[in-house]
Every structure is written in C-alpha cells, then in structure tokens.
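Okay, entry10.pdb is below, PDB, C-alpha atoms:
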```pdb
ATOM      1  CA  MET K   1      26.414 -29.061  30.205  1.00  0.00           C
ATOM      2  CA  PRO K   2      24.394 -31.841  31.800  1.00  0.00           C
ATOM      3  CA  THR K   3      21.764 -30.780  34.299  1.00  0.00           C
ATOM      4  CA  THR K   4      23.352 -33.060  36.915  1.00  0.00           C
ATOM      5  CA  LEU K   5      26.695 -31.195  36.896  1.00  0.00           C
ATOM      6  CA  THR K   6      27.589 -29.923  40.381  1.00  0.00           C
ATOM      7  CA  PHE K   7      31.322 -29.138  40.051  1.00  0.00           C
ATOM      8  CA  ILE K   8      33.627 -27.670  37.394  1.00  0.00           C
ATOM      9  CA  GLY K   9      37.283 -28.468  38.004  1.00  0.00           C
ATOM     10  CA  TYR K  10      40.365 -26.295  37.926  1.00  0.00           C
ATOM     11  CA  GLN K  11      40.885 -24.262  34.731  1.00  0.00           C
ATOM     12  CA  ASN K  12      38.842 -26.503  32.409  1.00  0.00           C
ATOM     13  CA  PHE K  13      37.878 -23.522  30.246  1.00  0.00           C
ATOM     14  CA  TYR K  14      40.723 -21.123  31.048  1.00  0.00           C
ATOM     15  CA  LEU K  15      42.333 -21.235  27.603  1.00  0.00           C
ATOM     16  CA  MET K  16      39.062 -20.777  25.720  1.00  0.00           C
ATOM     17  CA  THR K  17      39.390 -17.000  25.514  1.00  0.00           C
ATOM     18  CA  SER K  18      37.480 -16.762  22.218  1.00  0.00           C
ATOM     19  CA  LEU K  19      34.428 -18.606  23.553  1.00  0.00           C
ATOM     20  CA  GLU K  20      31.328 -16.563  22.581  1.00  0.00           C
ATOM     21  CA  ALA K  21      28.642 -18.372  24.521  1.00  0.00           C
ATOM     22  CA  PHE K  22      28.451 -20.913  27.291  1.00  0.00           C
ATOM     23  CA  VAL K  23      25.061 -22.583  27.711  1.00  0.00           C
ATOM     24  CA  MET K  24      24.148 -24.263  30.976  1.00  0.00           C
ATOM     25  CA  ASN K  25      20.726 -25.688  31.655  1.00  0.00           C
ATOM     26  CA  ILE K  26      21.652 -26.111  35.305  1.00  0.00           C
ATOM     27  CA  GLU K  27      19.416 -24.342  37.806  1.00  0.00           C
ATOM     28  CA  THR K  28      21.792 -24.397  40.769  1.00  0.00           C
ATOM     29  CA  PRO K  29      25.187 -22.883  39.933  1.00  0.00           C
ATOM     30  CA  PRO K  30      27.796 -25.637  39.972  1.00  0.00           C
ATOM     31  CA  THR K  31      30.761 -25.116  42.251  1.00  0.00           C
ATOM     32  CA  LEU K  32      33.772 -23.667  40.488  1.00  0.00           C
ATOM     33  CA  ASP K  33      37.017 -25.165  41.781  1.00  0.00           C
ATOM     34  CA  TRP K  34      38.740 -21.812  41.609  1.00  0.00           C
ATOM     35  CA  GLN K  35      37.908 -18.249  40.700  1.00  0.00           C
ATOM     36  CA  TRP K  36      39.944 -18.442  37.466  1.00  0.00           C
ATOM     37  CA  GLU K  37      38.063 -21.362  35.930  1.00  0.00           C
ATOM     38  CA  PHE K  38      37.492 -19.168  32.895  1.00  0.00           C
ATOM     39  CA  SER K  39      40.064 -16.655  31.689  1.00  0.00           C
ATOM     40  CA  GLU K  40      39.590 -13.286  33.325  1.00  0.00           C
ATOM     41  CA  SER K  41      39.604 -11.817  29.825  1.00  0.00           C
ATOM     42  CA  THR K  42      36.704 -13.975  28.646  1.00  0.00           C
ATOM     43  CA  LYS K  43      33.902 -11.988  27.073  1.00  0.00           C
ATOM     44  CA  CYS K  44      31.596 -14.955  26.580  1.00  0.00           C
ATOM     45  CA  VAL K  45      27.960 -14.746  27.548  1.00  0.00           C
ATOM     46  CA  PHE K  46      26.751 -17.327  30.041  1.00  0.00           C
ATOM     47  CA  TYR K  47      23.206 -18.490  29.252  1.00  0.00           C
ATOM     48  CA  VAL K  48      21.522 -20.020  32.269  1.00  0.00           C
ATOM     49  CA  PRO K  49      17.919 -20.892  33.192  1.00  0.00           C
ATOM     50  CA  ASP K  50      15.839 -17.730  33.372  1.00  0.00           C
ATOM     51  CA  ASP K  51      14.943 -18.226  37.043  1.00  0.00           C
ATOM     52  CA  SER K  52      18.610 -18.808  37.960  1.00  0.00           C
ATOM     53  CA  VAL K  53      20.284 -15.698  36.517  1.00  0.00           C
ATOM     54  CA  ASP K  54      20.429 -13.926  39.890  1.00  0.00           C
ATOM     55  CA  ALA K  55      21.728 -17.047  41.625  1.00  0.00           C
ATOM     56  CA  TYR K  56      24.646 -17.247  39.176  1.00  0.00           C
ATOM     57  CA  LYS K  57      25.381 -13.525  39.453  1.00  0.00           C
ATOM     58  CA  THR K  58      25.912 -13.862  43.196  1.00  0.00           C
ATOM     59  CA  ALA K  59      27.403 -17.367  43.450  1.00  0.00           C
ATOM     60  CA  THR K  60      30.938 -17.802  44.722  1.00  0.00           C
ATOM     61  CA  ASN K  61      33.474 -17.553  41.895  1.00  0.00           C
ATOM     62  CA  TRP K  62      30.693 -16.890  39.356  1.00  0.00           C
ATOM     63  CA  SER K  63      29.998 -13.364  40.580  1.00  0.00           C
ATOM     64  CA  LYS K  64      33.030 -11.929  38.779  1.00  0.00           C
ATOM     65  CA  TYR K  65      31.147 -12.656  35.524  1.00  0.00           C
ATOM     66  CA  ALA K  66      27.853 -11.138  36.786  1.00  0.00           C
ATOM     67  CA  SER K  67      27.474  -8.763  33.838  1.00  0.00           C
ATOM     68  CA  GLN K  68      27.848 -11.658  31.389  1.00  0.00           C
ATOM     69  CA  PHE K  69      24.829 -13.738  32.470  1.00  0.00           C
ATOM     70  CA  LYS K  70      21.722 -13.813  30.324  1.00  0.00           C
ATOM     71  CA  PRO K  71      18.490 -15.799  30.501  1.00  0.00           C
ATOM     72  CA  LEU K  72      18.571 -19.021  28.497  1.00  0.00           C
ATOM     73  CA  SER K  73      15.353 -17.946  26.771  1.00  0.00           C
ATOM     74  CA  THR K  74      17.328 -15.230  24.932  1.00  0.00           C
ATOM     75  CA  PHE K  75      19.846 -17.648  23.410  1.00  0.00           C
ATOM     76  CA  SER K  76      17.721 -18.410  20.324  1.00  0.00           C
ATOM     77  CA  THR K  77      17.339 -14.674  19.659  1.00  0.00           C
ATOM     78  CA  ASP K  78      21.048 -13.980  20.087  1.00  0.00           C
ATOM     79  CA  PHE K  79      22.084 -17.042  18.065  1.00  0.00           C
ATOM     80  CA  PRO K  80      19.198 -17.741  15.652  1.00  0.00           C
ATOM     81  CA  ASN K  81      21.219 -20.379  13.802  1.00  0.00           C
ATOM     82  CA  GLY K  82      22.071 -22.191  17.036  1.00  0.00           C
TER      83      GLY K  82
END
```
Using structure tokens, write down the structure that the file contains.
Amino acid sequence: MPTTLTFIGYQNFYLMTSLEAFVMNIETPPTLDWQWEFSESTKCVFYVPDDSVDAYKTATNWSKYASQFKPLSTFSTDFPNG
C-alpha cells in the first residue's frame, strides 16, 4: 500500500479470506470505511511499521484485528522468500 493512503473503502478486501499477509508501510492507520473491510474470518497477519503497531491495534475498525498485527521488521523472517 502506498504511504500516502489515508482511506480504505467499503469491503475492498472482504472476499480475500485466504490472504496470508497484508503489508502496509503506512505509519498512521488509514481510515477504514466500515468495520467489515476485511472478512471477520480473515486470519491474515497485518505487517505495519514497527513504531505503529500499537496505533493500529487501537484504531477504530482496526482494533478487531489487534492480535493479528506484527512489526514490519519481522516480515522478512516470516516470509524469507518475500
């Protein structure tokens, strides 16, 4: 996702239930149009800037995925082949 992204519209990723990882190099959590932007059954890991993990965990509509946020610095360890 581009670092200038500030808004994610209604259900853009809702049908991507098999998504394993979602990488965002965006420090300030973008606004989610609705709390069901991603499927509630999604198990994907959200990789965000290390200093922003807590901000995402508590942001409106992102907080429901709080346990799925990881620091971006761990992405290369989790997915060594990118």
Could you state which residues are captured by the PyMOL selection byres ((chain K and resi 48-61) around 8) in this file, as JSON, numbers by chain?
{"K": [23, 24, 25, 26, 27, 28, 29, 31, 32, 34, 35, 36, 46, 47, 62, 63, 64, 65, 66, 67, 69, 70, 71, 72, 73]}
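In this structure, CA of Thr6 (chain K) sits 27.7 Å away from CA of Thr77 (chain K).
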Taking all atoms listed in the file into account, name the residue in K:Thr42, K:Glu20, K:Phe7, K:Pro2 that is nearest to Asp78 (chain K).
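Of K:Thr42, K:Glu20, K:Phe7, K:Pro2, the one nearest Asp78 (chain K), counting all atoms listed in the file, is K:Glu20.
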Where's the centre, and what are the edge lengths in Å to one decimal, of a box along x, y and z enclosing all listed atoms of region 64-81 of chain K padded 8 Å per side, as AutoDock Vina command-line options?
```
--center_x 24.2 --center_y -14.6 --center_z 26.3 --size_x 33.7 --size_y 27.6 --size_z 41.0
```
Nearest candidate to Leu5 (chain K) (options K:Pro30, K:Phe22, K:Thr74, K:Cys44; using all atoms listed in the file):
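For Leu5 (chain K), the nearest of the given residues is K:Pro30.
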Which residue out of K:Asp33, K:Ala21, K:Ser76, K:Thr4 has the minimum interatomic distance to Val45 (chain K) when only C-alpha atoms are used?
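Answer, going by the shortest atom-to-atom distance: K:Ala21.
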